[in-house]
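Shown next: coords-v7.txt, given as compact mmCIF, C-alpha atoms.
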```txt
# COMPACT_ATOMS: atom_id res chain seq x y z
CA MET X 66 -16.80 42.11 76.80
CA ASP X 67 -16.46 40.34 73.45
CA GLN X 68 -17.32 42.48 70.49
CA LYS X 69 -19.63 41.10 67.84
CA PRO X 70 -17.56 40.43 64.71
CA GLY X 71 -18.22 42.92 61.93
CA PRO X 72 -19.89 42.09 58.63
CA VAL X 73 -18.05 39.79 56.23
CA THR X 74 -17.28 41.73 53.06
CA LEU X 75 -15.69 40.37 49.91
CA ILE X 76 -14.08 42.92 47.60
CA THR X 77 -12.66 41.79 44.26
CA GLY X 78 -9.70 43.47 42.63
CA THR X 79 -8.11 44.79 45.82
CA ARG X 80 -4.48 44.95 44.72
CA LYS X 81 -4.65 48.60 43.73
CA GLY X 82 -6.87 51.57 42.92
CA ILE X 83 -10.44 51.74 44.20
CA GLY X 84 -10.39 48.11 45.35
CA ARG X 85 -7.36 48.69 47.55
CA TYR X 86 -8.92 51.83 48.98
CA LEU X 87 -12.20 50.00 49.71
CA ALA X 88 -10.37 47.13 51.45
CA GLU X 89 -8.66 49.55 53.84
CA TYR X 90 -11.82 51.64 54.21
CA TYR X 91 -14.05 48.72 55.24
CA VAL X 92 -11.38 47.23 57.52
CA ALA X 93 -11.30 50.62 59.27
CA LEU X 94 -15.09 50.43 59.65
CA GLY X 95 -14.77 47.07 61.42
CA HIS X 96 -15.66 44.72 58.56
CA GLN X 97 -13.96 41.37 58.16
CA VAL X 98 -12.66 41.95 54.66
CA ILE X 99 -11.71 39.33 52.11
CA GLY X 100 -9.90 40.63 49.07
CA CYS X 101 -8.73 39.02 45.90
CA SER X 102 -6.65 39.83 42.88
CA ARG X 103 -4.63 38.05 40.24
CA GLY X 104 -1.37 39.37 41.66
CA PRO X 105 0.07 39.48 45.19
CA GLN X 106 -1.16 42.05 47.70
CA ASP X 107 1.16 44.18 49.82
CA TYR X 108 -1.55 45.30 52.25
CA SER X 109 -1.98 43.27 55.40
CA HIS X 110 -4.18 43.63 58.46
CA PRO X 111 -5.57 41.13 61.00
CA ALA X 112 -9.08 41.78 59.64
CA TYR X 113 -8.02 41.32 56.01
CA ASN X 114 -7.58 38.04 54.14
CA HIS X 115 -6.22 38.04 50.63
CA PHE X 116 -6.70 35.39 47.95
CA ARG X 117 -4.80 35.26 44.71
CA VAL X 118 -7.63 34.47 42.34
CA ASP X 119 -8.42 35.20 38.74
CA VAL X 120 -12.19 35.82 38.77
CA THR X 121 -12.48 34.48 35.24
CA ASP X 122 -11.25 31.08 36.46
CA GLU X 123 -14.21 29.07 37.75
CA ASN X 124 -12.14 26.54 39.71
CA GLN X 125 -10.06 29.19 41.48
CA THR X 126 -13.14 31.29 42.27
CA VAL X 127 -15.22 28.39 43.57
CA ALA X 128 -12.27 27.27 45.72
CA MET X 129 -11.98 30.77 47.22
CA PHE X 130 -15.65 30.67 48.21
CA ALA X 131 -15.19 27.25 49.80
CA LYS X 132 -12.46 28.79 51.97
CA ILE X 133 -14.64 31.80 52.83
CA ARG X 134 -17.34 29.36 53.90
CA VAL X 135 -14.89 27.63 56.24
CA LEU X 136 -13.37 30.87 57.56
CA HIS X 137 -16.54 32.90 58.03
CA GLY X 138 -19.50 30.53 57.55
CA GLY X 139 -21.19 33.00 55.19
CA LEU X 140 -20.96 36.34 53.47
CA ASP X 141 -22.75 39.65 54.09
CA ASN X 142 -21.49 41.96 51.35
CA LEU X 143 -19.95 41.55 47.92
CA ILE X 144 -18.28 44.51 46.25
CA ASN X 145 -17.60 43.40 42.70
CA ASN X 146 -14.87 45.87 41.82
CA ALA X 147 -12.50 43.76 39.69
CA GLY X 148 -12.45 45.05 36.15
CA VAL X 149 -10.25 45.82 33.20
CA ALA X 150 -10.48 48.49 30.56
CA SER X 151 -9.55 48.69 26.92
CA MET X 152 -9.56 52.16 25.54
CA ASN X 153 -9.15 52.34 21.83
CA HIS X 154 -11.09 53.06 18.69
CA SER X 155 -13.12 49.98 17.73
CA LEU X 156 -11.14 49.65 14.47
CA LEU X 157 -7.97 49.34 16.51
CA THR X 158 -9.26 46.85 19.07
CA PRO X 159 -7.92 43.30 18.71
CA MET X 160 -10.24 40.39 19.52
CA LYS X 161 -7.89 39.29 22.30
CA ALA X 162 -8.67 42.58 24.06
CA VAL X 163 -12.40 42.10 23.42
CA TRP X 164 -12.50 38.66 25.00
CA GLY X 165 -10.26 39.78 27.87
CA VAL X 166 -12.58 42.66 28.81
CA LEU X 167 -15.77 40.59 28.47
CA ASP X 168 -14.25 37.74 30.46
CA THR X 169 -13.24 39.81 33.46
CA ASN X 170 -15.99 42.42 33.49
CA VAL X 171 -19.00 40.31 32.54
CA ALA X 172 -18.19 36.64 33.15
CA GLY X 173 -16.07 37.40 36.23
CA THR X 174 -18.75 39.61 37.77
CA PHE X 175 -21.39 36.96 37.07
CA LEU X 176 -19.32 34.11 38.50
CA VAL X 177 -18.50 35.95 41.72
CA CYS X 178 -22.18 36.95 42.14
CA ARG X 179 -23.31 33.36 41.61
CA GLU X 180 -20.98 31.93 44.20
CA ALA X 181 -21.57 34.78 46.68
CA VAL X 182 -25.31 34.19 46.59
CA LYS X 183 -24.79 30.59 47.68
CA LEU X 184 -23.17 31.89 50.88
CA MET X 185 -25.55 34.81 51.39
CA ARG X 186 -28.74 32.79 51.09
CA LYS X 187 -27.75 30.82 54.21
CA ARG X 188 -27.85 34.09 56.17
CA GLY X 189 -31.19 35.09 54.69
CA ALA X 190 -29.77 38.44 53.56
CA GLY X 191 -27.00 39.91 51.48
CA ARG X 192 -25.78 42.94 49.60
CA ILE X 193 -24.15 42.89 46.19
CA VAL X 194 -22.66 46.03 44.66
CA ASN X 195 -21.43 45.81 41.08
CA PHE X 196 -19.32 48.33 39.21
CA VAL X 197 -20.42 50.00 36.00
CA THR X 198 -19.08 53.29 34.64
CA ALA X 199 -20.23 56.80 33.81
CA ALA X 200 -19.06 56.01 30.28
CA VAL X 201 -22.20 53.84 29.81
CA PRO X 202 -24.82 56.64 29.80
CA LEU X 203 -22.34 58.90 27.98
CA ASN X 204 -21.89 56.28 25.23
CA LEU X 205 -18.25 57.24 25.31
CA GLU X 206 -16.46 56.89 22.01
CA GLY X 207 -13.11 55.12 22.11
CA GLU X 208 -14.28 52.64 24.74
CA ALA X 209 -16.71 50.48 22.79
CA ILE X 210 -15.93 47.15 24.41
CA TYR X 211 -15.38 48.52 27.91
CA VAL X 212 -18.70 50.40 27.75
CA ALA X 213 -20.51 47.39 26.26
CA SER X 214 -19.14 45.15 29.01
CA LYS X 215 -20.31 47.54 31.72
CA ALA X 216 -23.72 47.94 30.07
CA ALA X 217 -23.93 44.15 30.36
CA VAL X 218 -23.09 44.44 34.07
CA ALA X 219 -25.90 47.00 34.45
CA SER X 220 -28.37 44.54 32.91
CA LEU X 221 -26.96 41.70 34.99
CA THR X 222 -27.47 43.81 38.10
CA ARG X 223 -31.13 44.44 37.31
CA VAL X 224 -31.90 40.82 36.39
CA LEU X 225 -30.13 39.47 39.49
CA ALA X 226 -32.04 41.98 41.62
CA ARG X 227 -35.27 40.35 40.41
CA GLU X 228 -33.98 36.79 40.73
CA LEU X 229 -32.60 37.28 44.24
CA GLY X 230 -35.31 39.41 45.81
CA ASN X 231 -36.84 36.28 47.34
CA TYR X 232 -33.59 35.61 49.20
CA LYS X 233 -33.57 39.16 50.60
CA ILE X 234 -30.36 39.78 48.68
CA THR X 235 -30.11 43.22 47.08
CA VAL X 236 -28.11 43.86 43.91
CA ASN X 237 -27.16 47.38 42.92
CA ALA X 238 -24.38 49.10 41.02
CA VAL X 239 -22.29 52.22 41.22
CA GLY X 240 -21.07 54.03 38.10
CA PRO X 241 -17.97 56.06 38.84
CA THR X 242 -16.76 58.96 36.73
CA PRO X 243 -13.05 59.11 35.90
CA ILE X 244 -10.93 58.82 39.04
CA GLN X 245 -7.17 59.15 38.89
CA THR X 246 -6.26 55.44 38.99
CA ASP X 247 -4.21 53.02 36.90
CA LEU X 248 -7.32 52.16 34.90
CA ILE X 249 -7.21 55.47 33.05
CA ARG X 250 -3.45 56.05 33.21
CA GLY X 251 -3.07 55.71 29.44
CA VAL X 252 -5.98 57.97 28.51
CA PRO X 253 -4.99 61.45 27.25
CA THR X 254 -5.91 64.30 29.62
CA GLU X 255 -7.94 66.13 26.97
CA LYS X 256 -10.15 63.04 26.49
CA LEU X 257 -10.75 62.79 30.23
CA ASP X 258 -11.50 66.50 30.48
CA ALA X 259 -14.00 66.16 27.64
CA LEU X 260 -15.69 63.32 29.51
CA VAL X 261 -15.82 65.26 32.76
CA SER X 262 -17.33 68.25 30.92
CA ARG X 263 -20.34 66.09 30.00
CA GLN X 264 -21.16 65.38 33.66
CA ALA X 265 -23.70 67.52 35.54
CA ILE X 266 -21.03 68.13 38.19
CA ARG X 267 -17.78 68.73 36.36
CA ARG X 268 -14.97 67.32 38.44
CA TYR X 269 -12.98 64.11 38.69
CA GLY X 270 -14.35 61.52 41.07
CA GLU X 271 -12.73 60.70 44.38
CA PHE X 272 -12.53 57.32 46.08
CA ARG X 273 -14.79 58.66 48.83
CA ASP X 274 -17.54 59.34 46.24
CA VAL X 275 -17.56 55.63 45.45
CA SER X 276 -17.48 54.42 49.06
CA ASN X 277 -20.31 56.84 49.89
CA VAL X 278 -22.62 55.11 47.40
CA ILE X 279 -21.51 51.67 48.52
CA ASP X 280 -22.13 52.60 52.17
CA PHE X 281 -25.70 53.43 51.19
CA PHE X 282 -26.25 50.22 49.23
CA ILE X 283 -24.86 47.91 51.92
CA SER X 284 -26.48 49.66 54.86
CA PRO X 285 -28.88 47.37 56.78
CA GLN X 286 -31.53 50.04 56.25
CA SER X 287 -31.22 49.67 52.45
CA ASP X 288 -33.05 46.32 52.39
CA PHE X 289 -35.70 47.80 50.06
CA ILE X 290 -33.20 49.22 47.55
CA THR X 291 -32.39 46.86 44.70
CA GLY X 292 -31.77 46.87 40.96
CA GLN X 293 -30.58 50.47 41.14
CA ILE X 294 -27.63 52.02 39.38
CA ILE X 295 -26.21 55.25 40.70
CA TYR X 296 -23.97 57.18 38.33
CA LEU X 297 -21.71 59.67 40.02
CA GLY X 298 -21.49 63.29 38.97
CA GLY X 299 -24.85 63.21 37.21
CA ALA X 300 -23.28 61.45 34.25
CA ASP X 301 -26.64 60.05 33.20
CA VAL X 302 -28.57 63.32 33.45
CA ARG X 303 -29.67 64.38 29.98
CA MET P 1078 -22.04 3.12 50.86
CA GLU P 1079 -21.42 6.42 49.11
CA SER P 1080 -24.83 6.23 47.44
CA GLU P 1081 -26.49 5.78 50.85
CA LYS P 1082 -24.76 8.92 52.07
CA ILE P 1083 -25.98 10.82 49.02
CA VAL P 1084 -29.58 9.68 49.52
CA HIS P 1085 -29.27 10.67 53.18
CA ILE P 1086 -28.18 14.16 52.09
CA ILE P 1087 -31.09 14.45 49.64
CA PHE P 1088 -33.53 13.35 52.35
CA ALA P 1089 -32.13 16.01 54.69
CA VAL P 1090 -32.72 18.65 52.02
CA ILE P 1091 -36.26 17.29 51.53
CA ASP P 1092 -36.82 17.83 55.27
CA GLU P 1093 -35.57 21.43 54.98
CA THR P 1094 -37.72 22.02 51.92
CA ASN P 1095 -40.86 20.45 53.38
CA ALA P 1096 -40.59 22.84 56.32
CA GLU P 1097 -41.25 25.63 53.82
CA LEU P 1098 -44.00 23.83 51.86
CA PRO P 1099 -47.71 23.59 52.78
CA ALA P 1100 -48.73 20.49 54.77
CA ASP P 1101 -50.71 19.10 51.83
CA TRP P 1102 -47.82 19.62 49.41
CA GLN P 1103 -44.93 17.70 50.98
CA ILE P 1104 -42.20 15.85 49.10
CA GLU P 1105 -42.15 12.17 49.95
CA LYS P 1106 -38.90 10.81 51.41
CA SER P 1107 -38.42 7.88 49.09
CA LYS P 1108 -36.06 7.07 46.27
CA ASP P 1109 -38.93 7.18 43.78
CA ALA P 1110 -40.21 10.55 44.93
CA ILE P 1111 -40.65 12.96 42.01
CA LEU P 1112 -38.91 16.25 42.67
CA PHE P 1113 -39.35 18.25 39.48
CA GLY P 1114 -41.48 18.10 36.36
CA ASN P 1115 -44.88 16.43 35.98
CA GLY P 1116 -46.10 15.26 39.37
CA GLY P 1117 -43.27 17.01 41.19
CA LYS P 1118 -43.76 19.30 44.15
CA LEU P 1119 -41.11 21.87 43.27
CA ASP P 1120 -41.63 24.81 40.96
CA SER P 1121 -38.75 26.35 39.00
CA LEU P 1122 -37.57 28.49 41.92
CA GLY P 1123 -38.08 25.56 44.27
CA ILE P 1124 -35.76 23.34 42.24
CA VAL P 1125 -33.11 26.09 42.21
CA ASN P 1126 -33.22 26.27 46.02
CA PHE P 1127 -33.20 22.49 46.26
CA ILE P 1128 -30.16 22.10 43.99
CA VAL P 1129 -28.16 24.75 45.81
CA ALA P 1130 -29.05 23.23 49.17
CA VAL P 1131 -27.89 19.79 47.98
CA GLU P 1132 -24.60 21.30 46.72
CA ASP P 1133 -24.13 22.94 50.14
CA ARG P 1134 -24.73 19.72 52.05
CA VAL P 1135 -22.48 17.65 49.79
CA LEU P 1136 -19.71 20.14 50.50
CA GLU P 1137 -20.41 20.30 54.24
CA GLU P 1138 -20.85 16.57 54.83
CA LEU P 1139 -18.61 14.98 52.21
CA GLY P 1140 -16.12 17.82 51.64
CA ILE P 1141 -16.63 17.69 47.88
CA LEU P 1142 -17.41 20.70 45.71
CA ILE P 1143 -19.86 19.85 42.97
CA THR P 1144 -21.88 21.99 40.59
CA LEU P 1145 -25.12 20.20 39.85
CA ALA P 1146 -26.69 22.67 37.50
CA ASP P 1147 -24.79 22.29 34.30
CA GLU P 1148 -26.51 23.35 31.14
CA GLN P 1149 -26.83 19.83 29.82
CA ALA P 1150 -28.38 18.53 33.03
CA MET P 1151 -30.96 21.31 33.07
CA SER P 1152 -32.06 20.61 29.51
CA GLN P 1153 -31.92 16.83 29.39
CA ARG P 1154 -35.18 15.17 28.51
CA ASN P 1155 -34.61 12.72 31.33
CA SER P 1156 -33.50 15.39 33.76
CA PRO P 1157 -31.33 14.10 36.62
CA PHE P 1158 -33.42 16.31 38.90
CA ARG P 1159 -36.59 14.34 38.17
CA THR P 1160 -36.50 11.95 41.14
CA VAL P 1161 -34.48 11.33 44.30
CA SER P 1162 -33.02 8.24 42.68
CA SER P 1163 -31.95 9.97 39.44
CA LEU P 1164 -30.48 12.88 41.39
CA SER P 1165 -28.53 10.53 43.62
CA THR P 1166 -27.10 8.68 40.60
CA TYR P 1167 -26.16 11.98 38.97
CA ILE P 1168 -24.36 13.23 42.11
CA ALA P 1169 -22.43 9.95 42.37
CA GLU P 1170 -21.39 10.35 38.72
CA LEU P 1171 -20.20 13.92 39.31
CA MET P 1172 -18.29 12.87 42.43
CA GLY P 1173 -16.64 10.14 40.38
CA ARG P 1174 -15.53 12.72 37.84
CA GLU P 1175 -14.17 15.00 40.57
CA SER P 1176 -12.07 12.31 42.26
```
What is this file in structure tokens?
Amino acid sequence: MDQKPGPVTLITGTRKGIGRYLAEYYVALGHQVIGCSRGPQDYSHPAYNHFRVDVTDENQTVAMFAKIRVLHGGLDNLINNAGVASMNHSLLTPMKAVWGVLDTNVAGTFLVCREAVKLMRKRGAGRIVNFVTAAVPLNLEGEAIYVASKAAVASLTRVLARELGNYKITVNAVGPTPIQTDLIRGVPTEKLDALVSRQAIRRYGEFRDVSNVIDFFISPQSDFITGQIIYLGGADVR
Amino acid sequence: MESEKIVHIIFAVIDETNAELPADWQIEKSKDAILFGNGGKLDSLGIVNFIVAVEDRVLEELGILITLADEQAMSQRNSPFRTVSSLSTYIAELMGRES
């Protein structure tokens, strides 16, 4: 008997870190996963398609969605993981770094959402999960532009939730705490420990903490959950 | 020839849209039909749906990716989304720029 194909899930930034983990995780759950990153991907699986795309490049991104349309005829889930960080005191942050972070984290997230919605609306449903960070509610010093960019993503998430409710597309976000990935490789341990000590639950995050929240947001039963931001570890509990 | 295809696409989207509109609030299938603005049948969300549906059909039927909603077009006094005819001319212009 033919099996019904699994949901079509696009994950951005799948070359490494959380994105790579999520690609493998959702393939294992039977999703048809599309991944993208600026660089080449060394993960391959029959249920995984990789595109080399810079999400700040409108032409490249729109072309990727045209191919997804041909390959899958639509899209069920978008996990907007691609992001970059710049961790430095504001007085030591060059404008090139400022524009780079805003471009990828804000403009890239927006562009991918915009194009994804065009495919989702044809199915009359869709799930978008954006990525913010625990550093937003903690107003973490030393990460001014990164935090500001993710605060913008939080606002984007809530506005899109309102704009897209009519299409039965939900838009939510997850805010991870520090997880041992490349993103925080250059951050001194004492700074990370200080951050973790401000969480309600004082431990580093794990990839599974992130996928747990995403599982909830993209579940078919979560069709009444939108505009919500879940920070891991109780980072936003005051 | 190309302009006939474009009008055909717009008419198909009008059919789709009319299916969602009340019987006494249907968009006329003519080149002079007003889509948006004074006398138009589409509200602001309606025009968003209409534009995206036209983009979809242009891609599906003509294989050309166009983005209709650029900032200038949305704010022009003589909006290209005003009538079927103005929209068709605008799409032809964009397709000319793409090719």
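Separating atom CA of X:Ile244 from atom CA of X:Tyr269 is a distance of 5.7 Å.
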X:Asn231, X:Ala199, X:Pro285, X:Ala147: which is nearest P:Gly1123, counting only C-alpha atoms?
-> X:Asn231
Find the residues of chain X in contact range of chain P, meaning any atom within 9 Å when counting all atoms listed in the file, and list them as an MDAnalysis selection string.
-> chainID X and resid 127:128 131 183
Could you please take those selected residues and save C-alpha atoms as a tab-separated table (two decimals), keeping the file's coordinate frame?
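Output saved as part18.tsv:
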```tsv
chain	number	residue	atom	x	y	z
X	127	VAL	CA	-15.22	28.39	43.57
X	128	ALA	CA	-12.27	27.27	45.72
X	131	ALA	CA	-15.19	27.25	49.80
X	183	LYS	CA	-24.79	30.59	47.68
```
X:Gln293 environment, 9 Å, all atoms listed in the file, sequence neighbours closer than 6 positions dropped, as a list in words | Ala219, Thr222, Arg223, Ala226, Val236, Asn237, Ala238 and Val239 of chain X
Any idea what's packed within 8 Å of X:Ser155, counting all atoms listed in the file, ignoring anything in its chain fewer than 6 positions away? Could you give it as a PyMOL selection string?
-> chain X and resi 207-210
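Ranking X:Ile76, X:Lys256, X:Ile295, X:Arg267 by their shortest atom-to-atom distance to X:Glu206, with only C-alpha atoms included, puts X:Lys256 first.
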With a distance cut-off of 9 Å and all atoms listed in the file, select the neighbouring residues of stretch 93-95 of chain X, excluding the residue or stretch itself and same-chain residues fewer than 3 positions from it, and output the selection as a VMD selection string.
-> chain X and resid 70 to 72 88 to 90 98 112
Filtering to C-alpha atoms, could you give me those residues as a PDB file, in the frame of the given file?
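Listed below is the output, result26.pdb:
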```pdb
ATOM      1  CA  PRO X  70     -17.560  40.430  64.710  1.00  0.00           C
ATOM      2  CA  GLY X  71     -18.220  42.920  61.930  1.00  0.00           C
ATOM      3  CA  PRO X  72     -19.890  42.090  58.630  1.00  0.00           C
ATOM      4  CA  ALA X  88     -10.370  47.130  51.450  1.00  0.00           C
ATOM      5  CA  GLU X  89      -8.660  49.550  53.840  1.00  0.00           C
ATOM      6  CA  TYR X  90     -11.820  51.640  54.210  1.00  0.00           C
ATOM      7  CA  VAL X  98     -12.660  41.950  54.660  1.00  0.00           C
ATOM      8  CA  ALA X 112      -9.080  41.780  59.640  1.00  0.00           C
TER       9      ALA X 112
END
```
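Reported to one decimal place, the separation of atom CA of X:Thr242 from atom CA of X:Leu87 is 16.4 Å.
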Excluding P:Tyr1167 and any residue of its chain fewer than 2 positions from it, enumerate the residues within 10 Å of it, using all atoms listed in the file, and give them as a list in words.
-> Leu1145, Ala1150, Ser1156, Pro1157, Phe1158, Val1161, Ser1162, Ser1163, Leu1164, Ser1165, Ala1169, Glu1170, Leu1171, Met1172 and Gly1173 of chain P
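Of note, atom CA of X:Ile234 and atom CA of X:Arg192 are spaced 5.6 Å apart.
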Give me the residues within 7 Å of stretch 1100-1110 of chain P as a ChimeraX atom specification, counting all atoms listed in the file and dropping any in the same chain fewer than 4 places off.
-> /P:1088,1091,1095,1118,1160-1162
Quick one: residues within 7 Å of (-27.1, 53.8, 34.7) (file frame), counting all atoms listed in the file, please, as a PyMOL selection string.
-> chain X and resi 201-202+219+240+294-296+301
Write the selection just made, keeping C-alpha atoms, as a PDB file, keeping the file's coordinate frame?
```pdb
ATOM      1  CA  VAL X 201     -22.200  53.840  29.810  1.00  0.00           C
ATOM      2  CA  PRO X 202     -24.820  56.640  29.800  1.00  0.00           C
ATOM      3  CA  ALA X 219     -25.900  47.000  34.450  1.00  0.00           C
ATOM      4  CA  GLY X 240     -21.070  54.030  38.100  1.00  0.00           C
ATOM      5  CA  ILE X 294     -27.630  52.020  39.380  1.00  0.00           C
ATOM      6  CA  ILE X 295     -26.210  55.250  40.700  1.00  0.00           C
ATOM      7  CA  TYR X 296     -23.970  57.180  38.330  1.00  0.00           C
ATOM      8  CA  ASP X 301     -26.640  60.050  33.200  1.00  0.00           C
TER       9      ASP X 301
END
```
Proximity to X:Leu167 - best of X:His154, X:Val212, X:Asn145, X:Leu140, all atoms listed in the file |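 Of X:His154, X:Val212, X:Asn145, X:Leu140, the one nearest X:Leu167, counting all atoms listed in the file, is X:Val212.
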